[in-house]
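Dumped start.txt below, it's compact mmCIF, C-alpha atoms:
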# COMPACT_ATOMS: atom_id res chain seq x y z
CA MET A 1 0.00 0.00 0.00
CA THR A 2 1.34 3.45 -0.90
CA VAL A 3 2.01 5.57 2.15
CA GLU A 4 0.55 9.02 1.78
CA HIS A 5 1.34 12.29 3.46
CA LYS A 6 -0.36 15.61 3.00
CA ILE A 7 0.14 19.30 3.47
CA LEU A 8 -2.74 21.75 3.33
CA PHE A 9 -2.93 25.20 1.79
CA THR A 10 -5.77 27.37 2.95
CA GLY A 11 -6.80 30.98 2.60
CA THR A 12 -9.39 33.25 1.17
CA MET A 13 -10.69 33.17 -2.34
CA GLY A 14 -7.97 34.51 -4.61
CA ALA A 15 -5.19 34.20 -2.04
CA GLY A 16 -3.26 31.86 -4.31
CA LYS A 17 -3.86 28.33 -3.09
CA THR A 18 -4.16 26.88 -6.58
CA THR A 19 -1.12 28.85 -7.72
CA ALA A 20 0.99 27.73 -4.75
CA ILE A 21 0.19 24.09 -5.30
CA GLY A 22 0.82 24.39 -9.01
CA ALA A 23 4.20 25.94 -8.30
CA VAL A 24 5.57 22.79 -6.67
CA SER A 25 3.33 19.93 -7.75
CA GLU A 26 4.76 17.42 -10.21
CA ILE A 27 1.36 17.06 -11.81
CA PRO A 28 -0.86 19.83 -13.07
CA PRO A 29 -3.02 20.74 -10.09
CA VAL A 30 -6.44 19.19 -10.14
CA SER A 31 -8.95 21.87 -9.28
CA THR A 32 -12.66 21.90 -8.90
CA ASP A 33 -13.09 25.47 -9.97
CA VAL A 34 -16.44 26.84 -11.04
CA ARG A 35 -17.58 30.19 -12.27
CA ASN A 36 -17.36 32.71 -9.47
CA SER A 37 -20.73 34.12 -8.48
CA ASP A 38 -19.29 36.45 -5.85
CA THR A 39 -19.21 39.79 -7.63
CA SER A 40 -17.14 41.35 -4.85
CA VAL A 41 -14.14 39.35 -6.01
CA ALA A 42 -12.68 40.01 -9.44
CA LYS A 43 -12.05 36.42 -10.32
CA ALA A 44 -13.60 34.35 -13.09
CA THR A 45 -13.49 31.03 -11.29
CA THR A 46 -12.98 29.91 -7.72
CA THR A 47 -12.39 26.66 -5.88
CA VAL A 48 -15.52 25.29 -4.30
CA GLY A 49 -14.14 21.84 -3.66
CA LEU A 50 -10.41 21.57 -3.36
CA ASP A 51 -7.18 21.72 -5.27
CA TYR A 52 -4.88 18.79 -5.46
CA GLY A 53 -1.27 18.33 -6.39
CA GLU A 54 1.34 15.77 -5.46
CA LEU A 55 5.00 14.98 -5.20
CA THR A 56 6.49 11.50 -5.35
CA LEU A 57 9.20 10.94 -2.77
CA ASP A 58 12.28 8.88 -3.48
CA ASN A 59 10.85 5.80 -1.74
CA GLY A 60 7.65 5.95 -3.77
CA GLU A 61 5.55 7.56 -1.10
CA LYS A 62 3.30 10.42 -2.09
CA LEU A 63 3.19 13.89 -0.60
CA ARG A 64 -0.23 15.22 -1.41
CA LEU A 65 -0.87 18.94 -1.51
CA TYR A 66 -4.42 20.01 -0.87
CA GLY A 67 -5.89 23.43 -1.29
CA THR A 68 -8.96 23.84 0.83
CA PRO A 69 -12.01 25.70 -0.31
CA GLY A 70 -11.68 29.25 0.90
CA GLN A 71 -15.16 30.07 2.04
CA MET A 72 -16.25 29.37 5.57
CA ARG A 73 -19.37 27.64 4.35
CA PHE A 74 -17.11 24.78 3.36
CA ASP A 75 -15.44 24.54 6.74
CA PHE A 76 -16.75 21.01 7.19
CA MET A 77 -14.22 20.06 4.52
CA TRP A 78 -11.44 21.75 6.45
CA ARG A 79 -11.84 19.27 9.27
CA ILE A 80 -11.88 16.34 6.89
CA LEU A 81 -8.78 17.51 5.07
CA ALA A 82 -6.94 18.31 8.29
CA ARG A 83 -6.99 14.71 9.47
CA GLY A 84 -3.49 13.35 9.31
CA ALA A 85 -2.02 16.43 7.66
CA LEU A 86 1.63 17.25 8.29
CA GLY A 87 0.98 20.95 8.45
CA LEU A 88 -0.79 23.99 7.12
CA VAL A 89 0.14 26.96 4.97
CA ILE A 90 -2.26 29.88 5.44
CA LEU A 91 -2.28 32.29 2.51
CA VAL A 92 -3.56 35.77 3.30
CA ASP A 93 -4.39 38.36 0.66
CA ASN A 94 -3.36 41.74 2.02
CA SER A 95 -5.45 43.57 -0.56
CA ARG A 96 -8.67 42.40 1.04
CA PRO A 97 -10.67 44.72 3.28
CA ASP A 98 -9.75 43.06 6.58
CA PRO A 99 -6.97 40.53 6.12
CA LEU A 100 -6.40 40.17 9.87
CA ALA A 101 -9.99 39.03 10.25
CA ASP A 102 -9.37 36.62 7.38
CA LEU A 103 -6.42 35.22 9.31
CA ASP A 104 -8.62 34.76 12.38
CA ILE A 105 -10.98 32.58 10.39
CA TYR A 106 -8.27 30.13 9.48
CA LEU A 107 -6.56 30.21 12.87
CA ASP A 108 -9.93 29.23 14.32
CA GLY A 109 -10.89 26.76 11.64
CA PHE A 110 -7.60 24.90 11.83
CA ALA A 111 -6.78 25.48 15.49
CA GLU A 112 -6.40 21.81 16.28
CA LEU A 113 -4.18 21.12 13.29
CA ILE A 114 -2.01 24.13 14.08
CA ALA A 115 -1.62 23.06 17.70
CA ARG A 116 -0.49 19.54 16.91
CA THR A 117 1.50 20.03 13.72
CA ALA A 118 3.01 23.09 12.04
CA CYS A 119 1.81 26.24 10.36
CA VAL A 120 3.18 29.02 8.21
CA VAL A 121 1.33 32.24 7.40
CA ALA A 122 2.19 33.77 4.03
CA VAL A 123 0.93 37.25 3.27
CA GLY A 124 0.52 38.14 -0.37
CA ARG A 125 0.19 41.37 -2.33
CA MET A 126 2.10 43.34 0.28
CA GLU A 127 3.94 45.41 -2.32
CA ALA A 128 0.77 47.20 -3.33
CA HIS A 129 -0.91 46.85 0.05
CA PRO A 130 1.73 47.19 2.78
CA GLN A 131 -0.75 47.51 5.63
CA PRO A 132 -1.30 45.68 7.85
CA ASP A 133 2.38 44.90 8.06
CA ILE A 134 3.92 41.62 9.11
CA ASP A 135 4.29 42.78 12.68
CA ALA A 136 0.56 43.41 12.88
CA TYR A 137 0.03 39.80 11.87
CA ALA A 138 2.52 38.62 14.47
CA GLN A 139 0.75 40.63 17.14
CA ARG A 140 -2.60 39.23 16.08
CA MET A 141 -1.27 35.71 16.26
CA GLU A 142 0.29 36.40 19.63
CA SER A 143 -3.02 37.66 20.97
CA ARG A 144 -4.53 34.35 19.91
CA GLY A 145 -1.76 32.25 21.41
CA VAL A 146 -0.36 31.14 18.06
CA LEU A 147 3.35 31.21 17.37
CA CYS A 148 4.44 30.33 13.87
CA PRO A 149 6.32 31.99 11.01
CA VAL A 150 4.55 34.82 9.22
CA LEU A 151 6.19 36.43 6.23
CA PRO A 152 5.42 38.11 2.94
CA ALA A 153 5.30 35.78 -0.03
CA ASN A 154 4.56 35.74 -3.70
CA VAL A 155 3.29 32.26 -4.44
CA THR A 156 3.69 32.70 -8.17
CA ASP A 157 7.39 32.22 -7.42
CA ALA A 158 8.03 28.50 -6.91
CA ARG A 159 11.13 29.20 -4.84
CA GLN A 160 9.09 31.13 -2.32
CA VAL A 161 6.56 28.30 -2.06
CA VAL A 162 9.42 25.88 -1.43
CA GLU A 163 10.70 28.21 1.29
CA LEU A 164 7.29 28.19 2.95
CA LEU A 165 7.31 24.42 2.92
CA GLU A 166 10.82 24.38 4.35
CA LEU A 167 9.68 26.51 7.27
CA LEU A 168 6.90 24.03 7.83
CA LEU A 169 9.37 21.14 7.84
CA LEU A 170 11.67 22.96 10.27
CA GLN A 171 8.87 23.14 12.78
CA LEU A 172 8.16 19.44 12.41
CA GLU A 173 11.75 18.70 13.40
CA THR A 174 11.16 20.09 16.87
CA MET B 1 27.40 39.09 22.14
CA THR B 2 25.34 41.98 23.43
CA SER B 3 26.66 43.60 26.55
CA ALA B 4 26.64 46.96 28.19
CA ALA B 5 29.57 47.94 26.06
CA THR B 6 28.20 46.60 22.82
CA PRO B 7 24.58 47.50 22.11
CA ALA B 8 22.36 44.97 20.39
CA ILE B 9 22.99 45.32 16.71
CA LYS B 10 20.67 44.21 13.95
CA GLY B 11 22.83 44.30 10.88
CA GLN B 12 24.40 47.70 11.30
CA ARG B 13 21.57 49.16 13.38
CA ALA B 14 21.06 49.10 17.10
CA LEU B 15 17.75 47.85 18.43
CA LEU B 16 16.17 50.41 20.69
CA SER B 17 12.85 50.70 22.45
CA PHE B 18 10.66 53.59 23.44
CA SER B 19 7.82 53.91 25.91
CA VAL B 20 4.96 56.39 25.71
CA GLU B 21 3.30 58.17 28.59
CA GLY B 22 0.68 60.86 28.75
CA LEU B 23 0.03 61.32 25.06
CA PRO B 24 -3.57 61.43 23.84
CA PRO B 25 -4.46 58.05 22.30
CA ARG B 26 -4.68 59.49 18.82
CA GLU B 27 -1.24 61.05 19.07
CA GLU B 28 0.22 57.92 20.59
CA LEU B 29 -1.16 55.82 17.75
CA LEU B 30 0.17 58.29 15.21
CA LEU B 31 3.58 58.30 16.87
CA LYS B 32 3.83 54.50 16.83
CA SER B 33 2.70 54.38 13.21
CA LEU B 34 5.21 57.00 12.17
CA VAL B 35 8.02 55.20 13.94
CA ARG B 36 7.14 52.02 12.08
CA LEU B 37 6.91 53.84 8.77
CA LEU B 38 10.25 55.51 9.36
CA ASP B 39 11.95 52.26 10.23
CA HIS B 40 13.69 52.03 6.87
CA ARG B 41 15.12 55.52 7.38
CA THR B 42 16.09 55.77 11.03
CA HIS B 43 19.63 54.93 12.00
CA GLN B 44 18.41 52.65 14.76
CA HIS B 45 15.51 50.22 14.84
CA TRP B 46 12.91 51.53 17.26
CA ALA B 47 10.16 49.42 18.78
CA TRP B 48 7.54 50.39 21.28
CA LYS B 49 7.43 48.62 24.63
CA ALA B 50 5.58 49.05 27.84
CA GLY B 51 7.53 49.99 30.93
CA GLN B 52 11.18 50.87 31.06
CA ALA B 53 12.61 51.50 27.61
CA ASP B 54 15.63 53.12 26.02
CA LEU B 55 13.67 56.32 25.45
CA ARG B 56 10.72 57.80 27.35
CA VAL B 57 8.30 59.71 25.18
CA VAL B 58 6.09 61.88 27.37
CA GLY B 59 3.12 64.02 26.51
CA GLY B 60 1.69 66.98 28.31
CA GLN B 61 -0.28 64.70 30.60
CA ALA B 62 2.82 63.06 32.01
CA SER B 63 5.71 64.40 33.97
CA ALA B 64 9.10 64.26 32.37
CA GLU B 65 10.41 63.37 35.78
CA ALA B 66 10.07 59.64 36.23
CA ASP B 67 8.90 58.31 39.55
CA ASP B 68 11.72 55.85 39.44
CA PRO B 69 14.15 57.65 37.24
CA ALA B 70 16.57 55.61 35.22
CA PRO B 71 19.63 57.79 34.81
CA ALA B 72 20.51 56.63 31.32
CA VAL B 73 17.05 57.00 29.82
CA PRO B 74 16.54 60.17 27.79
CA VAL B 75 13.12 61.82 27.68
CA LEU B 76 11.44 63.18 24.58
CA ALA B 77 8.59 65.54 25.34
CA ILE B 78 5.80 65.98 22.82
CA GLY B 79 3.25 68.74 23.13
CA GLN B 80 2.15 72.16 22.06
CA PRO B 81 4.90 74.51 20.89
CA ASP B 82 6.55 76.19 23.87
CA PRO B 83 9.61 78.36 23.30
CA GLN B 84 10.50 78.14 26.97
CA ARG B 85 10.68 74.39 26.97
CA GLY B 86 14.13 72.87 27.14
CA GLY B 87 15.41 69.39 26.54
CA HIS B 88 14.32 67.11 23.74
CA PHE B 89 11.02 68.30 22.41
CA LEU B 90 8.76 67.77 19.43
CA ALA B 91 5.80 70.01 18.74
CA LEU B 92 2.38 68.76 17.79
CA PRO B 93 1.28 68.02 15.18
CA LEU B 94 4.03 65.52 14.57
CA HIS B 95 6.01 65.76 11.38
CA ALA B 96 7.78 62.70 10.04
CA ASP B 97 11.00 64.49 9.14
CA GLU B 98 11.32 66.08 12.59
CA LEU B 99 10.57 62.79 14.27
CA GLU B 100 13.16 61.03 12.15
CA ASN B 101 15.83 63.57 13.01
CA THR B 102 15.00 63.44 16.69
CA LEU B 103 15.01 59.65 16.83
CA ASN B 104 18.35 59.57 15.07
CA ARG B 105 19.82 62.09 17.49
CA LEU B 106 18.47 60.39 20.59
CA GLY B 107 19.31 56.95 19.22
CA ALA B 108 22.89 57.99 18.78
CA MET B 109 22.90 59.24 22.37
CA VAL B 110 21.58 55.95 23.69
CA VAL B 111 24.04 53.91 21.71
CA HIS B 112 26.87 56.15 22.82
CA ALA B 113 25.74 55.91 26.44
CA ARG B 114 25.80 52.14 26.22
CA GLY B 115 29.24 52.30 24.76
CA LEU B 116 30.28 54.06 27.92
CA GLY B 117 28.64 51.38 30.00
CA ILE B 118 25.97 53.66 31.40
CA ALA B 119 22.97 51.50 30.62
CA ALA B 120 22.03 48.39 32.53
CA PRO B 121 24.04 45.38 31.43
CA ASP B 122 22.44 42.49 29.62
CA THR B 123 22.45 39.04 31.07
CA HIS B 124 24.94 36.49 29.80
CA ILE B 125 23.46 33.78 27.62
CA ALA B 126 24.63 30.38 28.71
CA ASP B 127 24.86 27.52 26.24
CA ASP B 128 22.31 25.37 28.02
CA GLU B 129 19.93 28.07 29.21
CA GLU B 130 16.56 27.48 27.61
CA PHE B 131 14.41 30.23 26.19
CA ARG B 132 10.90 30.41 24.92
CA LEU B 133 10.11 32.73 22.01
CA LEU B 134 7.12 34.84 23.02
CA ARG B 135 5.97 35.90 19.58
CA TRP B 136 7.11 35.97 15.98
CA PRO B 137 9.79 38.69 15.80
CA PRO B 138 9.32 41.92 13.86
CA ALA B 139 10.66 42.03 10.33
CA ALA B 140 13.52 44.25 11.42
CA LEU B 141 14.98 41.30 13.34
CA LEU B 142 14.56 38.91 10.45
CA GLU B 143 16.55 40.52 7.72
CA THR B 144 18.17 37.34 6.50
CA PRO B 145 16.73 33.92 5.60
CA ALA B 146 19.01 32.44 8.25
CA ARG B 147 17.29 34.48 10.93
CA VAL B 148 13.87 33.41 9.68
CA ARG B 149 15.04 29.83 10.07
CA LEU B 150 16.35 30.47 13.56
CA ALA B 151 13.07 32.02 14.61
CA THR B 152 11.18 29.13 13.08
CA LEU B 153 13.26 26.66 15.06
CA MET B 154 12.20 28.49 18.20
CA THR B 155 8.46 28.33 17.58
CA GLY B 156 8.04 24.95 19.20
CA ARG B 157 9.61 23.85 22.41
CA PRO B 158 11.99 26.04 24.45
CA THR B 159 15.42 26.18 22.88
CA SER B 160 18.92 26.76 24.18
CA LEU B 161 21.80 28.38 22.39
CA LEU B 162 23.45 24.99 22.09
CA LEU B 163 20.38 23.38 20.54
CA LEU B 164 19.90 26.28 18.20
CA ARG B 165 23.46 25.95 16.96
CA GLN B 166 23.11 22.22 16.47
CA ARG B 167 19.77 22.38 14.72
CA SER B 168 20.43 25.35 12.52
CA GLY B 169 23.98 24.55 11.52
CA LEU B 170 24.68 28.28 11.65
CA ALA B 171 27.74 29.88 13.13
CA PRO B 172 27.65 30.13 16.95
CA GLN B 173 28.01 33.90 16.82
CA ASP B 174 25.02 34.22 14.48
CA CYS B 175 22.87 32.23 16.89
CA LEU B 176 24.14 34.20 19.86
CA ASP B 177 23.52 37.52 18.16
CA PHE B 178 20.02 36.48 17.25
CA LEU B 179 19.19 35.43 20.81
CA ALA B 180 20.68 38.67 22.11
CA ASP B 181 18.57 40.70 19.72
CA LEU B 182 15.45 38.79 20.69
CA ARG B 183 16.17 39.31 24.34
CA ARG B 184 16.79 42.98 23.84
CA ALA B 185 13.43 43.21 22.06
CA GLU B 186 11.91 41.36 25.03
CA LEU B 187 10.76 38.51 22.87
CA LEU B 188 12.45 35.84 24.93
CA GLU B 189 11.36 34.29 28.16
CA SER B 190 13.42 31.99 30.29
CA ALA B 191 12.05 28.49 30.19
CA ARG B 192 13.52 27.57 33.55
CA GLN B 193 11.06 25.96 35.90
CA PRO B 194 9.93 28.45 38.54
CA ALA B 195 10.80 27.79 42.14
CA PRO B 196 7.86 26.28 44.05
CA ALA B 197 7.33 29.43 46.11
CA ALA B 198 7.13 31.53 42.99
CA ALA B 199 5.16 29.09 40.90
CA ALA B 200 1.97 31.13 41.11
CA THR B 201 3.54 34.28 39.77
CA PRO B 202 4.26 34.99 36.12
CA PRO B 203 7.87 34.49 35.06
CA VAL B 204 9.95 37.59 34.59
CA ALA B 205 11.44 38.51 31.27
CA LEU B 206 15.19 38.13 31.15
CA SER B 207 16.34 41.68 30.71
CA THR B 208 13.47 43.79 31.95
CA PRO B 209 10.16 42.80 33.45
CA SER B 210 7.78 44.71 31.26
CA ALA B 211 5.83 43.28 28.36
CA PRO B 212 3.36 44.65 25.82
CA ASP B 213 -0.20 45.09 27.04
CA SER B 214 -1.46 42.81 24.34
CA VAL B 215 0.43 39.81 25.62
CA PRO B 216 -2.08 37.25 26.80
CA PRO B 217 -1.86 35.54 30.16
CA LEU B 218 0.94 33.05 30.45
CA ASP B 219 -1.38 30.07 30.14
CA SER B 220 -2.55 31.19 26.72
CA ARG B 221 0.92 31.85 25.37
CA PRO B 222 2.45 29.41 22.95
CA GLN B 223 3.80 26.59 24.99
CA ALA B 224 5.99 23.64 24.11
CA LEU B 225 3.61 21.73 21.91
CA ALA B 226 3.29 18.00 21.79
CA ARG B 227 3.45 17.83 18.04
CA ASP B 228 2.43 14.74 16.19
CA PRO B 229 5.40 12.46 15.60
CA VAL B 230 6.68 12.41 12.04
CA GLN B 231 7.74 9.25 10.31
CA PRO B 232 11.54 8.91 10.50
CA GLY B 233 13.22 10.03 7.32
CA LEU B 234 10.10 11.63 5.90
CA LEU B 235 11.28 15.21 6.26
CA ALA B 236 14.56 14.41 4.55
CA ARG B 237 12.73 12.76 1.67
CA ILE B 238 10.42 15.73 1.26
CA ARG B 239 13.38 18.10 1.35
CA SER B 240 15.17 16.02 -1.21
CA ARG B 241 12.15 16.08 -3.49
CA LEU B 242 11.81 19.84 -3.12
CA GLY B 243 15.46 20.33 -3.95
CA LEU B 244 16.33 21.47 -0.44
CA LEU B 245 19.50 20.52 1.29
CA THR B 246 19.66 19.45 4.88
CA THR B 247 18.91 21.80 7.72
CA GLY B 248 21.42 24.54 8.14
CA HIS B 249 22.97 24.14 4.75
CA LYS B 250 20.19 25.50 2.62

Please express what this file holds, its structure, as structure tokens.
Amino acid sequence: MTVEHKILFTGTMGAGKTTAIGAVSEIPPVSTDVRNSDTSVAKATTTVGLDYGELTLDNGEKLRLYGTPGQMRFDFMWRILARGALGLVILVDNSRPDPLADLDIYLDGFAELIARTACVVAVGRMEAHPQPDIDAYAQRMESRGVLCPVLPANVTDARQVVELLELLLLQLET
Amino acid sequence: MTSAATPAIKGQRALLSFSVEGLPPREELLLKSLVRLLDHRTHQHWAWKAGQADLRVVGGQASAEADDPAPAVPVLAIGQPDPQRGGHFLALPLHADELENTLNRLGAMVVHARGLGIAAPDTHIADDEEFRLLRWPPAALLETPARVRLATLMTGRPTSLLLLRQRSGLAPQDCLDFLADLRRAELLESARQPAPAAAATPPVALSTPSAPDSVPPLDSRPQALARDPVQPGLLARIRSRLGLLTTGHK
């Protein structure tokens, strides 16, 4: 039987989950995108199910990369996906109206996974939207009792996605 | 290593703190925001902290005379223009360029004072002394990828200098400097077990006892987590697949 491992990517609609997975997956990411009906977000399609990518390790085992649906109404899937996951990458879009509140949603929704595994928070679109800054995120996480890396990231750059995963792995070493 | 004679240095900049007393909330918020915005311009890195800091910023509602004066702590008064006022003073409304110049001038004073050994000395960091990181450090302390890795290694269980060196593979001085900077920024807490008589009281920060107001009670702070065990060799295989080298040699 093939041993499987998984890492989750979560975040709001448009935060870059599909892009991040596509940046490192060895297969084209499988997405269940549909036409976006949320007119507040300038995006033609969005993920209502999940994204999937994978990497084959040198012993044949699979590392599966899942992108969760972004909307809270699909939070029942978050719990399902979180089972057995190695860790979580939270992607935050700093151009949204209240990105700190967005972060809260995922810190709450994945609290158990974060507590027992590892988590990295990656904040996107900071060049055009520098506020809130990274320190504001760190303070927010501190106020919620969460301590994990938080840093700006552009997930269209595969190297940066790899760096996020490396920070996840570093935490799992502890 | 940071000592009284060698101020904490982040890159080429000293890490300094300022406290605020007696300013109207709006002005205090504006001041803190301006300091953050000016961070890429000021000669020192300034961070706000509650309690005793490297610089006291006082408004009209507070006395420039501290109740428990610290001789090496300069005071910056902020208020309405007053030609009779002496000392370090900034007039309201605050202007970024004036604030920048003043911070640079006072920062240089503080650094110079430390060089003369006037400020309180920092505590020595022993190899086996364990620390707990209280929160993710500000970006000013994480200028290099190596420092991001060091901070990441400290997000789990309490870590000593020795463990940090072993796990990061970085030079001992780099690890020591990072811990010293964290301690100076009051982001480290000793992980030593409290004595039974003191067990009911919160632990005291290493260098000074104050902490930001937003810090939650000790019980809600990140503690050493019992993380799920990971299959032996798995992390190395994932790193290999991602094209990453082993820890500390990335």

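Checking B:Arg149, B:Pro229, B:Ser160, B:Asp174 one by one against Leu165 (chain A), counting all atoms listed in the file, you find the shortest gap at B:Arg149.
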
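Within 7 Å of chain B, counting only C-alpha atoms, chain A contributes A:Leu57, A:Asp58, A:Ala115, A:Arg116, A:Thr117, A:Ile134, A:Asp135, A:Ala138, A:Glu142, A:Ser143, A:Gly145, A:Val146, A:Leu147, A:Cys148, A:Pro149, A:Val162, A:Leu167, A:Leu169, A:Leu170, A:Gln171, A:Thr174.
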
Excluding Leu103 (chain A) and its own-chain neighbours fewer than 4 positions away, which residues fall within 7 Å of it when counting all atoms listed in the file? Please give them as a ChimeraX atom specification. /A:92,99,107

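Computed from the coordinates, the CA of Trp48 (chain B) to CA of Val120 (chain A) distance equals 25.4 Å.
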
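Here the question is which of B:Leu182, B:Leu55, B:Ala96, B:Leu34 gets nearest to Ala77 (chain B) using only C-alpha atoms, and that residue is B:Leu55.
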
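When CA of Glu127 (chain A) is paired with CA of Ala15 (chain A), their separation reads 14.5 Å.
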
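When only C-alpha atoms are used to measure the gap to Glu163 (chain A), the shortest distance among A:Pro29, A:Leu113, A:Leu151, A:Asp51 belongs to A:Leu151.
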
message: Residues proximal to (11.0, 53.9, 17.1) were defined as those with any atom within 6 Å of that point in the file's coordinates, counting only C-alpha atoms. Which are they, as a list in words?
response: Val35, Trp46 and Ala47 of chain B

One decimal place gives the CA of Gly14 (chain A)-CA of Leu172 (chain A) separation as 27.9 Å

Practice problem: For Ala126 (chain B), list every protein, DNA or RNA residue within 12 Å, evaluated using only C-alpha atoms, and leave out those in the same chain fewer than 6 positions away; present the list as a PyMOL selection string. | Solution: chain B and resi 1+159-163+176+179-180+190

Skip Leu31 (chain B) itself and residues of its chain fewer than 2 positions away, then list as a count of residues only all residues within 10 Å of it, counting all atoms listed in the file.
19
